[in-house]
file run-v8.csv (CSV, C-alpha atoms)
chain,number,residue,atom,x,y,z
D,11,MET,CA,-20.7,-11.6,0.4
D,12,SER,CA,-18.2,-9.6,-1.6
D,13,GLN,CA,-14.5,-9.6,-0.8
D,14,ILE,CA,-13.1,-6.2,0.2
D,15,THR,CA,-9.6,-4.9,0.8
D,16,THR,CA,-8.7,-2.5,3.6
D,17,CYS,CA,-5.5,-0.6,4.2
D,18,THR,CA,-4.9,1.2,7.5
D,19,PHE,CA,-2.0,3.6,8.0
D,20,PHE,CA,-0.6,4.4,11.4
D,21,LYS,CA,1.6,7.5,12.2
D,22,LEU,CA,3.8,7.1,15.3
D,23,GLU,CA,5.5,10.1,17.0
D,24,SER,CA,7.3,9.2,20.2
D,25,PHE,CA,10.5,7.2,20.2
D,26,SER,CA,8.9,4.4,22.4
D,27,ASN,CA,5.9,4.1,20.1
D,28,LYS,CA,8.0,4.0,17.0
D,29,LEU,CA,10.2,1.3,18.5
D,30,TRP,CA,7.0,-0.7,19.5
D,31,ALA,CA,5.7,-0.4,15.9
D,32,LEU,CA,9.0,-1.5,14.5
D,33,SER,CA,9.0,-4.6,16.8
D,34,GLN,CA,5.5,-5.5,15.5
D,35,MET,CA,6.9,-6.2,12.1
D,36,GLN,CA,8.1,-9.5,13.6
D,37,LEU,CA,6.0,-9.9,16.8
D,38,GLY,CA,2.6,-8.7,15.4
D,39,HIS,CA,1.9,-11.8,13.3
D,40,THR,CA,0.8,-13.8,16.3
D,41,TYR,CA,-2.3,-11.6,16.6
D,42,PHE,CA,-3.6,-12.4,13.2
D,43,LYS,CA,-4.2,-16.1,13.6
D,44,ASN,CA,-7.8,-17.3,13.4
D,45,ILE,CA,-9.4,-13.9,12.8
D,46,GLU,CA,-12.9,-14.5,11.3
D,47,GLY,CA,-13.3,-13.4,7.7
D,48,LEU,CA,-9.6,-12.5,7.2
D,49,VAL,CA,-8.3,-13.9,3.9
D,50,PHE,CA,-4.9,-12.3,3.6
D,51,TYR,CA,-2.9,-9.7,5.5
D,52,LYS,CA,0.4,-7.9,5.4
D,53,LEU,CA,2.1,-5.8,8.1
D,54,LEU,CA,4.1,-3.2,6.2
D,55,GLY,CA,6.8,-0.7,7.0
D,56,SER,CA,7.1,2.5,5.0
D,57,GLY,CA,9.7,4.5,3.0
D,58,ALA,CA,10.6,8.2,3.1
D,59,GLU,CA,9.5,8.8,-0.5
D,60,ASN,CA,6.1,8.7,-2.3
D,61,GLY,CA,6.9,5.4,-4.0
D,62,PHE,CA,9.5,2.7,-3.7
D,63,SER,CA,12.2,4.1,-1.3
D,64,SER,CA,15.5,2.8,0.0
D,65,LYS,CA,15.2,5.2,3.0
D,66,PRO,CA,13.0,3.8,5.8
D,67,ASN,CA,10.4,5.9,7.6
D,68,PHE,CA,10.1,4.6,11.2
D,69,GLY,CA,7.1,6.8,11.9
D,70,THR,CA,4.6,5.3,9.4
D,71,TYR,CA,3.3,1.7,9.2
D,72,ALA,CA,0.5,0.0,7.3
D,73,LEU,CA,-1.8,-2.9,7.7
D,74,LEU,CA,-3.2,-4.4,4.4
D,75,CYS,CA,-6.1,-6.8,4.8
D,76,ILE,CA,-8.4,-8.8,2.5
D,77,TRP,CA,-11.8,-9.7,4.0
D,78,GLU,CA,-14.6,-12.0,3.0
D,79,SER,CA,-17.0,-9.1,3.6
D,80,GLU,CA,-17.1,-5.5,5.0
D,81,THR,CA,-18.9,-6.8,8.1
D,82,HIS,CA,-15.9,-8.9,9.0
D,83,ALA,CA,-13.6,-5.9,8.6
D,84,THR,CA,-15.8,-3.6,10.6
D,85,THR,CA,-16.0,-6.1,13.5
D,86,PHE,CA,-12.2,-6.4,13.5
D,87,PHE,CA,-11.6,-2.6,13.5
D,88,GLU,CA,-14.2,-2.0,16.3
D,89,LYS,CA,-13.5,-4.9,18.6
D,90,ASN,CA,-10.0,-6.3,18.0
D,91,SER,CA,-7.8,-5.4,21.0
D,92,TYR,CA,-4.5,-5.6,19.1
D,93,PHE,CA,-5.7,-3.2,16.4
D,94,ASN,CA,-7.1,-0.8,18.9
D,95,LYS,CA,-3.8,-0.9,20.9
D,96,TYR,CA,-2.0,0.0,17.6
D,97,LYS,CA,-4.4,2.9,17.1
D,98,SER,CA,-4.0,4.2,20.7
D,99,LYS,CA,-0.2,4.4,20.2
D,100,SER,CA,-0.7,6.3,16.9
D,101,ALA,CA,-0.8,10.1,16.7
D,102,GLU,CA,-3.0,9.6,13.5
D,103,SER,CA,-4.4,6.7,11.6
D,104,PHE,CA,-6.8,6.2,8.7
D,105,THR,CA,-8.4,3.3,6.9
D,106,VAL,CA,-9.5,3.0,3.3
D,107,TYR,CA,-12.0,0.5,2.2
D,108,ALA,CA,-11.9,-0.7,-1.4
D,109,HIS,CA,-13.2,-3.2,-3.9
D,110,ALA,CA,-10.7,-4.9,-6.2
D,111,ALA,CA,-11.2,-4.1,-9.9
D,112,GLU,CA,-8.2,-5.8,-11.5
D,113,ALA,CA,-5.1,-7.6,-10.3
D,114,HIS,CA,-2.2,-9.2,-12.2
D,115,GLY,CA,0.7,-11.2,-10.7
D,116,LYS,CA,1.3,-12.9,-7.4
D,117,TRP,CA,2.1,-12.1,-3.8
D,118,ASP,CA,3.8,-14.9,-1.9
D,119,GLY,CA,3.0,-17.2,-4.7
D,120,LYS,CA,-0.7,-16.5,-4.9
D,121,GLN,CA,-3.2,-14.0,-6.3
D,122,PRO,CA,-5.2,-13.0,-3.2
D,123,PHE,CA,-7.6,-10.4,-4.8
D,124,ILE,CA,-10.9,-11.3,-6.3
D,125,SER,CA,-11.8,-8.6,-8.8
D,126,HIS,CA,-15.5,-7.7,-9.1
D,127,ALA,CA,-15.6,-3.9,-9.4
D,128,ILE,CA,-15.7,-1.9,-12.6
D,129,LEU,CA,-13.4,1.1,-13.0
D,130,SER,CA,-14.6,4.5,-14.3
D,131,MET,CA,-12.3,7.0,-15.9
D,132,ASP,CA,-13.8,9.9,-14.0
D,133,LYS,CA,-13.9,8.2,-10.5
D,134,PRO,CA,-11.2,7.7,-7.9
D,135,VAL,CA,-8.8,4.7,-8.1
D,136,MET,CA,-6.4,3.2,-5.6
D,137,VAL,CA,-3.3,1.5,-7.1
D,138,LEU,CA,-1.1,-1.2,-5.5
D,139,THR,CA,2.3,-2.0,-7.1
D,140,ARG,CA,4.3,-4.6,-5.3
D,141,ALA,CA,7.6,-6.3,-6.2
D,142,SER,CA,10.1,-8.7,-4.7
D,143,ILE,CA,13.5,-7.6,-6.1
D,144,ARG,CA,16.2,-10.0,-7.1
D,145,LEU,CA,19.3,-9.7,-4.9
D,146,SER,CA,21.5,-9.6,-7.9
D,147,LYS,CA,19.6,-6.6,-9.3
D,148,LEU,CA,19.4,-4.4,-6.2
D,149,ILE,CA,22.0,-1.8,-7.2
D,150,SER,CA,20.7,-1.3,-10.7
D,151,PHE,CA,17.1,-1.1,-9.5
D,152,TRP,CA,17.7,1.5,-6.8
D,153,ARG,CA,19.7,3.7,-9.1
D,154,LYS,CA,16.6,4.2,-11.2
D,155,VAL,CA,13.5,4.2,-9.0
D,156,GLY,CA,14.2,7.3,-6.9
D,157,ASN,CA,13.5,9.6,-9.8
D,158,VAL,CA,10.1,8.0,-10.3
D,159,SER,CA,9.1,8.6,-6.7
D,160,LYS,CA,10.1,12.3,-7.0
D,161,SER,CA,8.1,12.7,-10.2
D,162,LEU,CA,4.9,11.7,-8.4
D,163,GLU,CA,5.0,15.0,-6.6
D,164,GLU,CA,4.3,17.0,-9.8
D,165,TYR,CA,0.8,15.5,-10.3
D,166,ASP,CA,-2.3,17.3,-9.0
D,167,GLY,CA,-4.4,14.2,-9.7
D,168,LEU,CA,-2.5,12.3,-7.0
D,169,ALA,CA,-4.4,12.5,-3.7
D,170,MET,CA,-1.8,10.5,-1.8
D,171,SER,CA,1.0,8.0,-2.2
D,172,ILE,CA,2.9,6.0,0.4
D,173,GLY,CA,5.8,3.6,-0.3
D,174,VAL,CA,5.5,0.5,1.9
D,175,GLY,CA,7.2,-2.8,2.2
D,176,GLU,CA,7.7,-6.1,4.0
D,177,TRP,CA,11.5,-5.9,4.0
D,178,PRO,CA,13.7,-2.9,3.4
D,179,LEU,CA,15.3,-2.7,-0.1
D,180,ILE,CA,14.1,-6.2,-1.2
D,181,GLN,CA,10.3,-6.4,-0.9
D,182,GLN,CA,8.7,-3.1,-1.9
D,183,ALA,CA,5.2,-1.7,-2.6
D,184,THR,CA,3.5,1.5,-3.4
D,185,LEU,CA,-0.1,2.4,-2.5
D,186,SER,CA,-1.4,5.4,-4.2
D,187,ILE,CA,-4.9,7.0,-4.4
D,188,TRP,CA,-5.8,9.1,-7.4
D,189,LYS,CA,-8.7,11.6,-7.8
D,190,THR,CA,-9.6,9.9,-11.1
D,191,GLN,CA,-8.4,6.9,-13.1
D,192,ALA,CA,-7.9,9.2,-16.1
D,193,GLU,CA,-5.3,11.2,-14.1
D,194,MET,CA,-3.6,8.0,-13.0
D,195,ILE,CA,-3.4,6.7,-16.6
D,196,ASP,CA,-2.1,10.1,-17.7
D,197,TYR,CA,0.8,9.7,-15.3
D,198,ALA,CA,1.5,6.1,-16.0
D,199,TYR,CA,1.7,6.4,-19.8
D,200,LYS,CA,3.0,9.9,-20.3
D,201,ASN,CA,5.5,10.4,-17.5
D,202,GLU,CA,8.9,9.7,-19.0
D,203,LYS,CA,10.6,8.6,-15.8
D,204,HIS,CA,7.9,6.1,-15.1
D,205,LYS,CA,7.9,4.8,-18.7
D,206,GLU,CA,11.7,4.3,-18.5
D,207,VAL,CA,11.4,2.2,-15.3
D,208,VAL,CA,8.6,0.0,-16.8
D,209,ARG,CA,10.9,-0.6,-19.9
D,210,LEU,CA,13.9,-1.4,-17.8
D,211,THR,CA,11.9,-3.7,-15.6
D,212,ARG,CA,11.1,-5.9,-18.6
D,213,LYS,CA,14.6,-5.6,-20.1
D,214,LEU,CA,16.6,-6.2,-16.9
D,215,LYS,CA,14.2,-8.6,-15.1
D,216,TRP,CA,14.5,-6.8,-11.8
D,217,TYR,CA,11.7,-8.7,-10.1
D,218,LYS,CA,11.4,-12.4,-9.1
D,219,GLU,CA,7.7,-11.7,-8.1
D,220,GLU,CA,5.4,-8.8,-8.8
D,221,LEU,CA,1.8,-7.8,-8.5
D,222,PHE,CA,-0.2,-4.8,-9.8
D,223,ALA,CA,-3.8,-4.1,-8.7
D,224,ARG,CA,-6.4,-1.4,-9.1
D,225,PHE,CA,-9.2,-0.8,-6.6
D,226,ILE,CA,-12.2,1.4,-6.3
D,227,PRO,CA,-11.9,3.1,-2.8
D,228,TYR,CA,-15.4,3.7,-1.4
D,229,LYS,CA,-14.9,4.6,2.3
D,230,PHE,CA,-12.3,6.6,4.3
D,231,LEU,CA,-12.1,6.7,8.1
D,232,GLY,CA,-9.7,8.7,10.3
D,233,GLN,CA,-7.3,11.5,9.9
D,234,TRP,CA,-4.0,12.1,8.1
D,235,ASN,CA,-1.7,15.1,8.2
D,236,GLY,CA,-4.3,16.9,10.3
D,237,LYS,CA,-7.0,16.5,7.7
D,238,ASN,CA,-10.2,14.3,7.7
D,239,VAL,CA,-9.4,11.7,5.1
D,240,GLU,CA,-13.0,11.7,3.7
D,241,THR,CA,-11.9,15.0,2.0
D,242,ILE,CA,-8.7,13.5,0.6
D,243,LEU,CA,-10.0,13.3,-2.9
D,244,GLU,CA,-11.2,16.9,-2.8
D,245,LEU,CA,-7.8,18.4,-2.0
call {"tool": "encode", "arguments": {"input": "run-v8.csv", "output": "C-alpha coordinates"}}
result
Amino acid sequence: MSQITTCTFFKLESFSNKLWALSQMQLGHTYFKNIEGLVFYKLLGSGAENGFSSKPNFGTYALLCIWESETHATTFFEKNSYFNKYKSKSAESFTVYAHAAEAHGKWDGKQPFISHAILSMDKPVMVLTRASIRLSKLISFWRKVGNVSKSLEEYDGLAMSIGVGEWPLIQQATLSIWKTQAEMIDYAYKNEKHKEVVRLTRKLKWYKEELFARFIPYKFLGQWNGKNVETILEL
(Lines of atoms letter the chains of each structure in order from A and count residues from 1; the text may use other names and numbers.)
(Lines give C-alpha, C1' and ligand atoms only; values in the text may rest on other atoms or scores of the structure.)
Protein backbone atom coordinates (compact mmCIF):
# COMPACT_ATOMS: atom_id res chain seq x y z
CA MET A 1 0.00 0.00 0.00
CA SER A 2 1.23 3.49 -0.86
CA GLN A 3 0.74 6.42 1.46
CA ILE A 4 -1.33 9.27 0.01
CA THR A 5 -2.12 12.80 1.16
CA THR A 6 -5.52 14.42 0.79
CA CYS A 7 -6.59 17.98 1.37
CA THR A 8 -10.25 18.96 1.50
CA PHE A 9 -11.35 22.60 1.39
CA PHE A 10 -14.74 23.71 2.71
CA LYS A 11 -16.45 26.99 1.88
CA LEU A 12 -19.09 28.15 4.40
CA GLU A 13 -21.59 30.92 3.67
CA SER A 14 -24.19 31.44 6.41
CA PHE A 15 -23.17 32.98 9.73
CA SER A 16 -24.31 29.90 11.67
CA ASN A 17 -22.29 27.54 9.47
CA LYS A 18 -19.20 29.77 9.68
CA LEU A 19 -19.55 29.82 13.47
CA TRP A 20 -19.92 26.02 13.54
CA ALA A 21 -16.81 25.56 11.39
CA LEU A 22 -14.82 27.92 13.60
CA SER A 23 -15.83 25.91 16.68
CA GLN A 24 -14.56 22.73 15.01
CA MET A 25 -11.00 24.03 15.15
CA GLN A 26 -11.21 23.02 18.83
CA LEU A 27 -14.12 20.58 19.02
CA GLY A 28 -13.51 18.62 15.82
CA HIS A 29 -10.46 16.71 17.03
CA THR A 30 -12.53 14.24 18.99
CA TYR A 31 -13.91 12.85 15.70
CA PHE A 32 -10.48 11.86 14.39
CA LYS A 33 -9.62 9.28 17.01
CA ASN A 34 -9.21 5.68 15.85
CA ILE A 35 -9.95 6.27 12.16
CA GLU A 36 -8.62 3.29 10.24
CA GLY A 37 -5.68 4.10 7.99
CA LEU A 38 -5.31 7.72 9.15
CA VAL A 39 -1.63 8.48 9.83
CA PHE A 40 -1.71 12.25 10.42
CA TYR A 41 -4.27 15.05 10.13
CA LYS A 42 -4.67 18.79 10.61
CA LEU A 43 -7.81 20.90 10.86
CA LEU A 44 -6.87 24.25 9.37
CA GLY A 45 -8.37 27.70 9.20
CA SER A 46 -7.57 30.02 6.30
CA GLY A 47 -6.32 33.51 5.60
CA ALA A 48 -7.68 36.19 3.30
CA GLU A 49 -4.64 36.14 0.99
CA ASN A 50 -3.15 33.58 -1.41
CA GLY A 51 -0.29 32.73 0.92
CA PHE A 52 0.60 33.43 4.54
CA SER A 53 -1.95 35.97 5.79
CA SER A 54 -2.55 37.86 9.03
CA LYS A 55 -6.20 38.41 8.06
CA PRO A 56 -8.48 35.45 8.84
CA ASN A 57 -11.07 34.15 6.40
CA PHE A 58 -13.93 32.71 8.44
CA GLY A 59 -15.57 31.27 5.33
CA THR A 60 -12.91 28.74 4.30
CA TYR A 61 -11.44 25.80 6.22
CA ALA A 62 -9.30 22.82 5.27
CA LEU A 63 -8.69 19.24 6.37
CA LEU A 64 -5.26 17.82 5.56
CA CYS A 65 -4.88 14.05 5.99
CA ILE A 66 -2.20 11.45 5.40
CA TRP A 67 -3.51 7.94 4.73
CA GLU A 68 -1.96 4.50 4.56
CA SER A 69 -3.74 4.02 1.23
CA GLU A 70 -6.29 5.59 -1.09
CA THR A 71 -8.80 2.94 -0.05
CA HIS A 72 -8.74 4.20 3.54
CA ALA A 73 -9.23 7.77 2.34
CA THR A 74 -12.15 6.89 0.09
CA THR A 75 -13.87 4.93 2.85
CA PHE A 76 -13.57 7.92 5.18
CA PHE A 77 -14.91 10.41 2.64
CA GLU A 78 -17.84 8.21 1.68
CA LYS A 79 -18.89 6.87 5.07
CA ASN A 80 -17.62 9.08 7.89
CA SER A 81 -20.58 10.92 9.45
CA TYR A 82 -18.53 13.86 10.72
CA PHE A 83 -16.93 14.52 7.34
CA ASN A 84 -20.28 14.34 5.60
CA LYS A 85 -21.82 16.69 8.16
CA TYR A 86 -19.05 19.18 7.38
CA LYS A 87 -19.76 18.80 3.66
CA SER A 88 -23.49 19.30 4.16
CA LYS A 89 -22.86 22.60 5.93
CA SER A 90 -20.57 23.78 3.13
CA ALA A 91 -21.73 25.70 0.07
CA GLU A 92 -18.80 24.17 -1.82
CA SER A 93 -16.05 21.70 -1.10
CA PHE A 94 -13.35 19.88 -2.99
CA THR A 95 -10.69 17.29 -2.25
CA VAL A 96 -7.32 16.81 -3.90
CA TYR A 97 -5.55 13.44 -3.73
CA ALA A 98 -1.75 13.53 -4.00
CA HIS A 99 1.42 11.46 -3.71
CA ALA A 100 4.32 12.99 -1.79
CA ALA A 101 7.43 13.50 -3.93
CA GLU A 102 9.74 15.28 -1.49
CA ALA A 103 9.52 16.73 2.00
CA HIS A 104 11.97 18.59 4.22
CA GLY A 105 11.56 19.73 7.81
CA LYS A 106 9.13 18.75 10.55
CA TRP A 107 5.54 19.28 11.63
CA ASP A 108 4.92 18.91 15.37
CA GLY A 109 8.36 17.42 15.73
CA LYS A 110 8.05 14.74 13.06
CA GLN A 111 8.24 14.29 9.31
CA PRO A 112 4.87 12.70 8.42
CA PHE A 113 5.21 12.37 4.63
CA ILE A 114 6.69 9.32 2.92
CA SER A 115 8.05 10.43 -0.44
CA HIS A 116 7.68 7.89 -3.24
CA ALA A 117 6.56 9.86 -6.33
CA ILE A 118 8.81 11.39 -8.99
CA LEU A 119 8.22 14.96 -10.11
CA SER A 120 8.17 15.99 -13.77
CA MET A 121 8.88 19.51 -14.97
CA ASP A 122 5.92 19.48 -17.37
CA LYS A 123 3.36 17.98 -14.97
CA PRO A 124 1.26 19.53 -12.15
CA VAL A 125 2.68 19.95 -8.66
CA MET A 126 1.13 20.77 -5.29
CA VAL A 127 3.32 22.61 -2.79
CA LEU A 128 2.92 22.80 0.98
CA THR A 129 4.92 25.39 2.91
CA ARG A 130 4.35 25.40 6.66
CA ALA A 131 6.01 27.34 9.48
CA SER A 132 5.72 27.94 13.19
CA ILE A 133 6.83 31.54 13.74
CA ARG A 134 8.85 32.61 16.76
CA LEU A 135 6.85 34.99 18.96
CA SER A 136 9.78 37.40 19.11
CA LYS A 137 9.83 37.57 15.29
CA LEU A 138 6.13 38.11 14.57
CA ILE A 139 6.31 41.81 13.73
CA SER A 140 9.29 41.58 11.37
CA PHE A 141 7.81 38.49 9.70
CA TRP A 142 4.39 39.99 8.97
CA ARG A 143 5.89 43.21 7.66
CA LYS A 144 7.48 41.25 4.83
CA VAL A 145 5.26 38.33 3.83
CA GLY A 146 2.20 40.24 2.62
CA ASN A 147 3.98 41.35 -0.54
CA VAL A 148 4.82 37.76 -1.39
CA SER A 149 1.14 36.72 -1.18
CA LYS A 150 0.18 39.56 -3.53
CA SER A 151 2.93 38.62 -6.00
CA LEU A 152 1.37 35.17 -6.47
CA GLU A 153 -1.56 36.78 -8.28
CA GLU A 154 0.66 37.68 -11.23
CA TYR A 155 1.45 34.08 -12.21
CA ASP A 156 -0.61 32.31 -14.88
CA GLY A 157 1.01 29.00 -13.92
CA LEU A 158 -0.67 29.11 -10.50
CA ALA A 159 -3.91 27.11 -10.61
CA MET A 160 -4.83 27.99 -7.02
CA SER A 161 -3.30 28.99 -3.70
CA ILE A 162 -4.85 29.12 -0.24
CA GLY A 163 -3.20 30.31 2.94
CA VAL A 164 -4.11 28.07 5.88
CA GLY A 165 -3.01 27.65 9.47
CA GLU A 166 -3.53 26.00 12.84
CA TRP A 167 -3.29 29.24 14.82
CA PRO A 168 -3.66 32.82 13.53
CA LEU A 169 -0.38 34.72 13.09
CA ILE A 170 1.78 32.01 14.70
CA GLN A 171 1.33 28.73 12.78
CA GLN A 172 0.90 29.32 9.07
CA ALA A 173 0.89 27.27 5.88
CA THR A 174 0.30 27.73 2.18
CA LEU A 175 -1.09 25.09 -0.15
CA SER A 176 -0.65 25.89 -3.81
CA ILE A 177 -1.32 23.92 -7.00
CA TRP A 178 0.66 24.76 -10.12
CA LYS A 179 -0.06 23.72 -13.70
CA THR A 180 3.53 22.54 -14.08
CA GLN A 181 6.53 22.23 -11.81
CA ALA A 182 8.53 24.35 -14.27
CA GLU A 183 6.17 27.29 -13.67
CA MET A 184 6.37 26.84 -9.90
CA ILE A 185 10.19 26.84 -10.02
CA ASP A 186 10.14 29.92 -12.23
CA TYR A 187 8.17 31.74 -9.53
CA ALA A 188 10.23 30.44 -6.60
CA TYR A 189 13.63 31.34 -8.07
CA LYS A 190 12.87 34.42 -10.17
CA ASN A 191 10.29 36.36 -8.16
CA GLU A 192 12.24 39.02 -6.28
CA LYS A 193 9.76 39.34 -3.39
CA HIS A 194 9.80 35.60 -2.80
CA LYS A 195 13.61 35.46 -2.99
CA GLU A 196 13.90 38.27 -0.44
CA VAL A 197 11.69 36.45 2.08
CA VAL A 198 13.70 33.24 1.65
CA ARG A 199 16.89 35.21 2.30
CA LEU A 200 15.44 36.97 5.36
CA THR A 201 14.09 33.68 6.73
CA ARG A 202 17.63 32.33 6.94
CA LYS A 203 19.16 35.58 8.15
CA LEU A 204 16.58 36.50 10.82
CA LYS A 205 15.61 32.94 11.90
CA TRP A 206 11.87 33.65 11.84
CA TYR A 207 10.79 30.02 12.30
CA LYS A 208 11.17 27.64 15.21
CA GLU A 209 9.83 24.83 13.00
CA GLU A 210 9.23 24.62 9.27
CA LEU A 211 8.28 22.11 6.59
CA PHE A 212 8.34 22.20 2.80
CA ALA A 213 6.83 19.46 0.67
CA ARG A 214 5.98 18.85 -2.98
CA PHE A 215 3.32 16.45 -4.21
CA ILE A 216 1.95 15.08 -7.45
CA PRO A 217 -1.82 15.74 -7.41
CA TYR A 218 -3.63 13.01 -9.29
CA LYS A 219 -7.34 13.30 -8.45
CA PHE A 220 -9.72 16.19 -7.82
CA LEU A 221 -13.26 15.81 -6.52
CA GLY A 222 -15.84 18.56 -5.97
CA GLN A 223 -16.39 22.18 -6.92
CA TRP A 224 -14.69 25.48 -6.08
CA ASN A 225 -15.73 29.00 -7.06
CA GLY A 226 -18.48 27.52 -9.19
CA LYS A 227 -16.14 25.37 -11.27
CA ASN A 228 -15.55 21.64 -11.41
CA VAL A 229 -12.11 21.23 -9.84
CA GLU A 230 -11.12 18.52 -12.32
CA THR A 231 -10.61 21.43 -14.73
CA ILE A 232 -8.55 23.50 -12.28
CA LEU A 233 -5.29 22.79 -14.09
CA GLU A 234 -6.77 23.78 -17.45
CA LEU A 235 -7.87 27.30 -16.41
call {"tool": "closest_residue", "arguments": {"input": "run-v8.csv", "among": "D:Ala141, D:Leu231, D:Val174, D:Ala223", "to": "D:Glu102", "atoms": "all atoms listed in the file"}}
result
D:Leu231
call {"tool": "atom_distance", "arguments": {"input": "run-v8.csv", "atom1": "atom CA of D:Leu145", "atom2": "atom CA of D:Glu220"}}
result
14.5 Å
call {"tool": "closest_residue", "arguments": {"input": "run-v8.csv", "among": "D:Gly47, D:Pro122, D:Pro134, D:Gly55", "to": "D:Thr18", "atoms": "all atoms listed in the file"}}
result
D:Gly55
call {"tool": "residues_around", "arguments": {"input": "run-v8.csv", "residues": "D:Thr16", "least_positions_apart": "4", "cutoff": "12 Å", "atoms": "only C-alpha atoms", "output": "mmCIF file with C-alpha atoms, in the frame of the given file"}}
result
data_model
loop_
_atom_site.group_PDB
_atom_site.id
_atom_site.type_symbol
_atom_site.label_atom_id
_atom_site.label_comp_id
_atom_site.auth_asym_id
_atom_site.auth_seq_id
_atom_site.Cartn_x
_atom_site.Cartn_y
_atom_site.Cartn_z
ATOM 1 C CA LEU D 48 -9.600 -12.500 7.200
ATOM 2 C CA VAL D 49 -8.300 -13.900 3.900
ATOM 3 C CA PHE D 50 -4.900 -12.300 3.600
ATOM 4 C CA TYR D 51 -2.900 -9.700 5.500
ATOM 5 C CA LYS D 52 0.400 -7.900 5.400
ATOM 6 C CA ALA D 72 0.500 0.000 7.300
ATOM 7 C CA LEU D 73 -1.800 -2.900 7.700
ATOM 8 C CA LEU D 74 -3.200 -4.400 4.400
ATOM 9 C CA CYS D 75 -6.100 -6.800 4.800
ATOM 10 C CA ILE D 76 -8.400 -8.800 2.500
ATOM 11 C CA TRP D 77 -11.800 -9.700 4.000
ATOM 12 C CA GLU D 78 -14.600 -12.000 3.000
ATOM 13 C CA SER D 79 -17.000 -9.100 3.600
ATOM 14 C CA GLU D 80 -17.100 -5.500 5.000
ATOM 15 C CA THR D 81 -18.900 -6.800 8.100
ATOM 16 C CA HIS D 82 -15.900 -8.900 9.000
ATOM 17 C CA ALA D 83 -13.600 -5.900 8.600
ATOM 18 C CA THR D 84 -15.800 -3.600 10.600
ATOM 19 C CA PHE D 86 -12.200 -6.400 13.500
ATOM 20 C CA PHE D 87 -11.600 -2.600 13.500
ATOM 21 C CA PHE D 104 -6.800 6.200 8.700
ATOM 22 C CA THR D 105 -8.400 3.300 6.900
ATOM 23 C CA VAL D 106 -9.500 3.000 3.300
ATOM 24 C CA TYR D 107 -12.000 0.500 2.200
ATOM 25 C CA ALA D 108 -11.900 -0.700 -1.400
ATOM 26 C CA HIS D 109 -13.200 -3.200 -3.900
ATOM 27 C CA ALA D 110 -10.700 -4.900 -6.200
ATOM 28 C CA PHE D 123 -7.600 -10.400 -4.800
ATOM 29 C CA MET D 136 -6.400 3.200 -5.600
ATOM 30 C CA LEU D 138 -1.100 -1.200 -5.500
ATOM 31 C CA LEU D 185 -0.100 2.400 -2.500
ATOM 32 C CA PHE D 225 -9.200 -0.800 -6.600
ATOM 33 C CA ILE D 226 -12.200 1.400 -6.300
ATOM 34 C CA PRO D 227 -11.900 3.100 -2.800
ATOM 35 C CA TYR D 228 -15.400 3.700 -1.400
ATOM 36 C CA LYS D 229 -14.900 4.600 2.300
ATOM 37 C CA PHE D 230 -12.300 6.600 4.300
ATOM 38 C CA LEU D 231 -12.100 6.700 8.100
#
call {"tool": "atom_distance", "arguments": {"input": "run-v8.csv", "atom1": "atom CA of D:Leu22", "atom2": "atom CA of D:Thr85"}}
result
23.9 Å
call {"tool": "closest_residue", "arguments": {"input": "run-v8.csv", "among": "D:Lys120, D:His126, D:Lys95, D:Lys189", "to": "D:Met170", "atoms": "all atoms listed in the file"}}
result
D:Lys189
call {"tool": "atom_distance", "arguments": {"input": "run-v8.csv", "atom1": "atom CA of D:Cys17", "atom2": "atom CA of D:Asp132"}}
result
22.6 Å
call {"tool": "residues_around", "arguments": {"input": "run-v8.csv", "residues": "stretch 27-38 of chain D", "least_positions_apart": "6", "cutoff": "7 Å", "atoms": "only C-alpha atoms", "output": "ChimeraX atom specification"}}
result
/D:53,68-69,99
call {"tool": "closest_residue", "arguments": {"input": "run-v8.csv", "among": "D:Thr15, D:Arg224, D:Asn235, D:Ile195", "to": "D:Leu129", "atoms": "all atoms listed in the file"}}
result
D:Arg224
call {"tool": "closest_residue", "arguments": {"input": "run-v8.csv", "among": "D:Arg144, D:His39, D:Lys97, D:Lys218", "to": "D:Trp117", "atoms": "all atoms listed in the file"}}
result
D:Lys218
call {"tool": "residues_around", "arguments": {"input": "run-v8.csv", "residues": "D:Phe222", "least_positions_apart": "6", "cutoff": "8 Å", "atoms": "only C-alpha atoms", "output": "ChimeraX atom specification"}}
result
/D:113-115,137-140
